[in-house]
Amino acid sequence: MNKEEILRRNQKWIETKLNRDGSYFDKLSEGQSPSFVYLGCSDSRVSPELFMGQEPGEVFVHRNIANLFHESDPSVMTVLQYAITALNIKDLVVCGHYGCGGVQLAMDGADFPWLQKIKDLHKNNSDADFKTMVELNVVQQCEELEELDLVKENDVKVHPWVFDLASGKIVDLSES
């Protein structure tokens, strides 16, 4: 798809939104009130607002490769600090997805420093299959986030989820 097609689709989207609600963009520009902060993968097939059934302004999103949390990453830390302290969000979702390329790269031994956490996790769980590694990665990120002072001091609940590309379903790992 080229730039012109994207701009054409944008105009069509604007028209559709305004036909349904003439004040849609006025409301959108008034501010946001998200219920969740979402830490997920950058995979282009995983669009959190869509699969969560949410509208713009309802989810505060940070995405990176393999939904990794690194306390030394200023990008993820500023998103979390803003979401928790400025927007007063009390629910944090860490959402991986089956078929994650970042997890697969780590399992294959790719030499990217940012994948070291997953490589170490795989080393400690060498019998785990790909699907299980996706789940273990989500759980590990949640455990680390739960230990973060920002999360503990603000009573933020951390939710481990995996999005199943094959079915469209959210798998809530806290229930398994």
# chains A, B, ... in the order shown; residues from 1 in each chain; ligands from 1
>>> residues_around(residues="Glu143 of chain A", least_positions_apart="5", cutoff="10 Å", atoms="only C-alpha atoms", output="short mmCIF file (atom, residue, chain, number, x, y, z; two decimals) with C-alpha atoms, in the first residue's frame")
data_model
loop_
_atom_site.label_atom_id
_atom_site.label_comp_id
_atom_site.auth_asym_id
_atom_site.auth_seq_id
_atom_site.Cartn_x
_atom_site.Cartn_y
_atom_site.Cartn_z
CA ASN A 137 7.80 -14.34 28.61
CA VAL A 138 4.53 -12.56 29.46
CA LEU A 148 8.44 -1.94 40.35
CA VAL A 158 -0.86 -6.34 36.40
CA PRO A 160 -0.83 -11.34 31.93
#
>>> residues_around(residues="His70 of chain A", least_positions_apart="6", cutoff="10 Å", atoms="only C-alpha atoms", output="ChimeraX atom specification")
/A:76-77,114,117,141,144-145
>>> write_last_selection(atoms="N, CA and C atoms", output="PDB file, in the first residue's frame")
ATOM      1  N   VAL A  76       9.635   2.915  27.899  1.00  0.00           N
ATOM      2  CA  VAL A  76       8.595   2.197  28.640  1.00  0.00           C
ATOM      3  C   VAL A  76       8.377   2.831  30.012  1.00  0.00           C
ATOM      4  N   MET A  77       9.425   3.320  30.638  1.00  0.00           N
ATOM      5  CA  MET A  77       9.271   3.913  31.966  1.00  0.00           C
ATOM      6  C   MET A  77       8.475   5.216  31.922  1.00  0.00           C
ATOM      7  N   TRP A 114      18.791  -6.850  23.270  1.00  0.00           N
ATOM      8  CA  TRP A 114      17.468  -6.599  23.833  1.00  0.00           C
ATOM      9  C   TRP A 114      16.643  -7.875  23.972  1.00  0.00           C
ATOM     10  N   LYS A 117      16.850 -11.296  27.811  1.00  0.00           N
ATOM     11  CA  LYS A 117      15.928 -11.792  28.838  1.00  0.00           C
ATOM     12  C   LYS A 117      15.194 -13.038  28.358  1.00  0.00           C
ATOM     13  N   GLN A 141       7.581 -10.798  32.427  1.00  0.00           N
ATOM     14  CA  GLN A 141       7.464  -9.342  32.367  1.00  0.00           C
ATOM     15  C   GLN A 141       6.518  -8.849  33.464  1.00  0.00           C
ATOM     16  N   GLU A 144       8.220  -8.894  36.894  1.00  0.00           N
ATOM     17  CA  GLU A 144       9.151  -7.774  37.051  1.00  0.00           C
ATOM     18  C   GLU A 144       8.406  -6.464  37.256  1.00  0.00           C
ATOM     19  N   LEU A 145       7.326  -6.270  36.539  1.00  0.00           N
ATOM     20  CA  LEU A 145       6.535  -5.043  36.700  1.00  0.00           C
ATOM     21  C   LEU A 145       5.899  -4.971  38.089  1.00  0.00           C
TER      22      LEU A 145
END
>>> residues_around(residues="Glu30 of chain A", least_positions_apart="5", cutoff="12 Å", atoms="only C-alpha atoms", output="NGL selection string")
:A and (23-25 or 56-57)
>>> write_last_selection(atoms="N, CA and C atoms", output="compact mmCIF listing (two decimals), in the first residue's frame")
# COMPACT_ATOMS: atom_id res chain seq x y z
N SER A 23 -19.94 14.96 15.91
CA SER A 23 -19.04 15.59 16.88
C SER A 23 -17.93 14.62 17.32
N TYR A 24 -17.70 13.55 16.57
CA TYR A 24 -16.72 12.53 16.94
C TYR A 24 -15.36 13.14 17.24
N PHE A 25 -14.85 13.96 16.33
CA PHE A 25 -13.50 14.50 16.50
C PHE A 25 -13.46 15.60 17.55
N PRO A 56 -10.47 4.79 20.34
CA PRO A 56 -9.37 5.69 20.68
C PRO A 56 -9.68 6.43 21.98
N GLY A 57 -8.67 6.54 22.84
CA GLY A 57 -8.84 7.21 24.13
C GLY A 57 -9.13 6.26 25.27
>>> atom_distance(atom1="atom CA of Glu135 of chain A", atom2="atom CA of Gly96 of chain A")
7.3 Å
>>> residues_around(residues="Leu39 of chain A", least_positions_apart="5", cutoff="12 Å", atoms="only C-alpha atoms", output="JSON, numbers by chain")
{"A": [46, 47, 48, 59, 60, 61, 62, 63, 64, 65, 66, 67, 68, 69, 70, 75, 76, 77, 79, 80, 83, 91, 92, 93, 94, 95, 96, 97, 138, 141, 142, 145, 158, 159, 160, 161, 162]}
>>> atom_distance(atom1="atom CA of Tyr98 of chain A", atom2="atom CA of Ser167 of chain A")
10.4 Å
>>> atom_distance(atom1="atom CA of Gln140 of chain A", atom2="atom CA of Val156 of chain A")
16.7 Å
>>> closest_residue(among="A:Glu71, A:Asp164, A:Lys90, A:Ser174", to="Glu147 of chain A", atoms="only C-alpha atoms")
A:Glu71
>>> select_by_dssp(residues="chain A", states="strand (DSSP E or B)", output="ChimeraX atom specification")
/A:36-41,59-64,91-97,157-163,170-172
>>> decode(residues="segment 47-73 of chain A", atoms="N, CA and C atoms", output="PDB file, in the first residue's frame")
ATOM      1  N   SER A  47      -3.291  -5.436  16.961  1.00  0.00           N
ATOM      2  CA  SER A  47      -3.792  -4.076  17.140  1.00  0.00           C
ATOM      3  C   SER A  47      -4.690  -4.045  18.380  1.00  0.00           C
ATOM      4  N   PRO A  48      -4.152  -3.621  19.521  1.00  0.00           N
ATOM      5  CA  PRO A  48      -4.861  -3.805  20.791  1.00  0.00           C
ATOM      6  C   PRO A  48      -6.247  -3.178  20.871  1.00  0.00           C
ATOM      7  N   GLU A  49      -6.419  -1.970  20.358  1.00  0.00           N
ATOM      8  CA  GLU A  49      -7.753  -1.364  20.432  1.00  0.00           C
ATOM      9  C   GLU A  49      -8.775  -2.214  19.684  1.00  0.00           C
ATOM     10  N   LEU A  50      -8.363  -2.781  18.566  1.00  0.00           N
ATOM     11  CA  LEU A  50      -9.291  -3.604  17.789  1.00  0.00           C
ATOM     12  C   LEU A  50      -9.679  -4.871  18.534  1.00  0.00           C
ATOM     13  N   PHE A  51      -8.689  -5.662  18.971  1.00  0.00           N
ATOM     14  CA  PHE A  51      -9.052  -6.946  19.568  1.00  0.00           C
ATOM     15  C   PHE A  51      -9.600  -6.806  20.986  1.00  0.00           C
ATOM     16  N   MET A  52      -9.393  -5.651  21.615  1.00  0.00           N
ATOM     17  CA  MET A  52      -9.988  -5.407  22.926  1.00  0.00           C
ATOM     18  C   MET A  52     -11.372  -4.758  22.797  1.00  0.00           C
ATOM     19  N   GLY A  53     -11.771  -4.447  21.569  1.00  0.00           N
ATOM     20  CA  GLY A  53     -13.076  -3.824  21.359  1.00  0.00           C
ATOM     21  C   GLY A  53     -13.155  -2.415  21.923  1.00  0.00           C
ATOM     22  N   GLN A  54     -12.049  -1.697  21.876  1.00  0.00           N
ATOM     23  CA  GLN A  54     -11.973  -0.359  22.453  1.00  0.00           C
ATOM     24  C   GLN A  54     -11.909   0.708  21.360  1.00  0.00           C
ATOM     25  N   GLU A  55     -12.185   1.914  21.759  1.00  0.00           N
ATOM     26  CA  GLU A  55     -12.111   3.070  20.873  1.00  0.00           C
ATOM     27  C   GLU A  55     -10.874   3.899  21.218  1.00  0.00           C
ATOM     28  N   PRO A  56     -10.468   4.791  20.337  1.00  0.00           N
ATOM     29  CA  PRO A  56      -9.371   5.694  20.676  1.00  0.00           C
ATOM     30  C   PRO A  56      -9.679   6.431  21.985  1.00  0.00           C
ATOM     31  N   GLY A  57      -8.672   6.543  22.838  1.00  0.00           N
ATOM     32  CA  GLY A  57      -8.837   7.207  24.126  1.00  0.00           C
ATOM     33  C   GLY A  57      -9.128   6.260  25.272  1.00  0.00           C
ATOM     34  N   GLU A  58      -9.339   4.960  24.978  1.00  0.00           N
ATOM     35  CA  GLU A  58      -9.712   4.013  26.026  1.00  0.00           C
ATOM     36  C   GLU A  58      -8.563   3.098  26.477  1.00  0.00           C
ATOM     37  N   VAL A  59      -7.472   3.071  25.728  1.00  0.00           N
ATOM     38  CA  VAL A  59      -6.317   2.247  26.089  1.00  0.00           C
ATOM     39  C   VAL A  59      -5.061   3.075  25.856  1.00  0.00           C
ATOM     40  N   PHE A  60      -4.186   3.135  26.857  1.00  0.00           N
ATOM     41  CA  PHE A  60      -2.909   3.835  26.737  1.00  0.00           C
ATOM     42  C   PHE A  60      -1.874   2.782  26.368  1.00  0.00           C
ATOM     43  N   VAL A  61      -1.244   2.918  25.212  1.00  0.00           N
ATOM     44  CA  VAL A  61      -0.494   1.823  24.607  1.00  0.00           C
ATOM     45  C   VAL A  61       1.001   2.120  24.505  1.00  0.00           C
ATOM     46  N   HIS A  62       1.790   1.108  24.876  1.00  0.00           N
ATOM     47  CA  HIS A  62       3.227   1.084  24.593  1.00  0.00           C
ATOM     48  C   HIS A  62       3.522  -0.256  23.938  1.00  0.00           C
ATOM     49  N   ARG A  63       4.200  -0.206  22.790  1.00  0.00           N
ATOM     50  CA  ARG A  63       4.528  -1.441  22.080  1.00  0.00           C
ATOM     51  C   ARG A  63       6.010  -1.486  21.770  1.00  0.00           C
ATOM     52  N   ASN A  64       6.570  -2.693  21.854  1.00  0.00           N
ATOM     53  CA  ASN A  64       7.953  -2.928  21.460  1.00  0.00           C
ATOM     54  C   ASN A  64       8.081  -4.383  21.022  1.00  0.00           C
ATOM     55  N   ILE A  65       9.264  -4.793  20.663  1.00  0.00           N
ATOM     56  CA  ILE A  65       9.451  -6.163  20.220  1.00  0.00           C
ATOM     57  C   ILE A  65       9.302  -7.115  21.403  1.00  0.00           C
ATOM     58  N   ALA A  66       8.420  -8.093  21.257  1.00  0.00           N
ATOM     59  CA  ALA A  66       8.203  -9.164  22.238  1.00  0.00           C
ATOM     60  C   ALA A  66       7.704  -8.653  23.588  1.00  0.00           C
ATOM     61  N   ASN A  67       7.012  -7.521  23.610  1.00  0.00           N
ATOM     62  CA  ASN A  67       6.402  -6.965  24.821  1.00  0.00           C
ATOM     63  C   ASN A  67       7.338  -7.021  26.030  1.00  0.00           C
ATOM     64  N   LEU A  68       8.576  -6.576  25.800  1.00  0.00           N
ATOM     65  CA  LEU A  68       9.588  -6.646  26.853  1.00  0.00           C
ATOM     66  C   LEU A  68       9.553  -5.426  27.765  1.00  0.00           C
ATOM     67  N   PHE A  69       9.738  -5.689  29.042  1.00  0.00           N
ATOM     68  CA  PHE A  69       9.888  -4.619  30.012  1.00  0.00           C
ATOM     69  C   PHE A  69      11.332  -4.604  30.490  1.00  0.00           C
ATOM     70  N   HIS A  70      11.980  -3.465  30.342  1.00  0.00           N
ATOM     71  CA  HIS A  70      13.311  -3.226  30.881  1.00  0.00           C
ATOM     72  C   HIS A  70      13.236  -1.943  31.695  1.00  0.00           C
ATOM     73  N   GLU A  71      13.509  -2.029  32.973  1.00  0.00           N
ATOM     74  CA  GLU A  71      13.443  -0.840  33.829  1.00  0.00           C
ATOM     75  C   GLU A  71      14.403   0.246  33.363  1.00  0.00           C
ATOM     76  N   SER A  72      15.443  -0.136  32.633  1.00  0.00           N
ATOM     77  CA  SER A  72      16.414   0.836  32.119  1.00  0.00           C
ATOM     78  C   SER A  72      15.969   1.493  30.813  1.00  0.00           C
ATOM     79  N   ASP A  73      14.825   1.092  30.286  1.00  0.00           N
ATOM     80  CA  ASP A  73      14.312   1.646  29.023  1.00  0.00           C
ATOM     81  C   ASP A  73      13.491   2.902  29.326  1.00  0.00           C
TER      82      ASP A  73
END
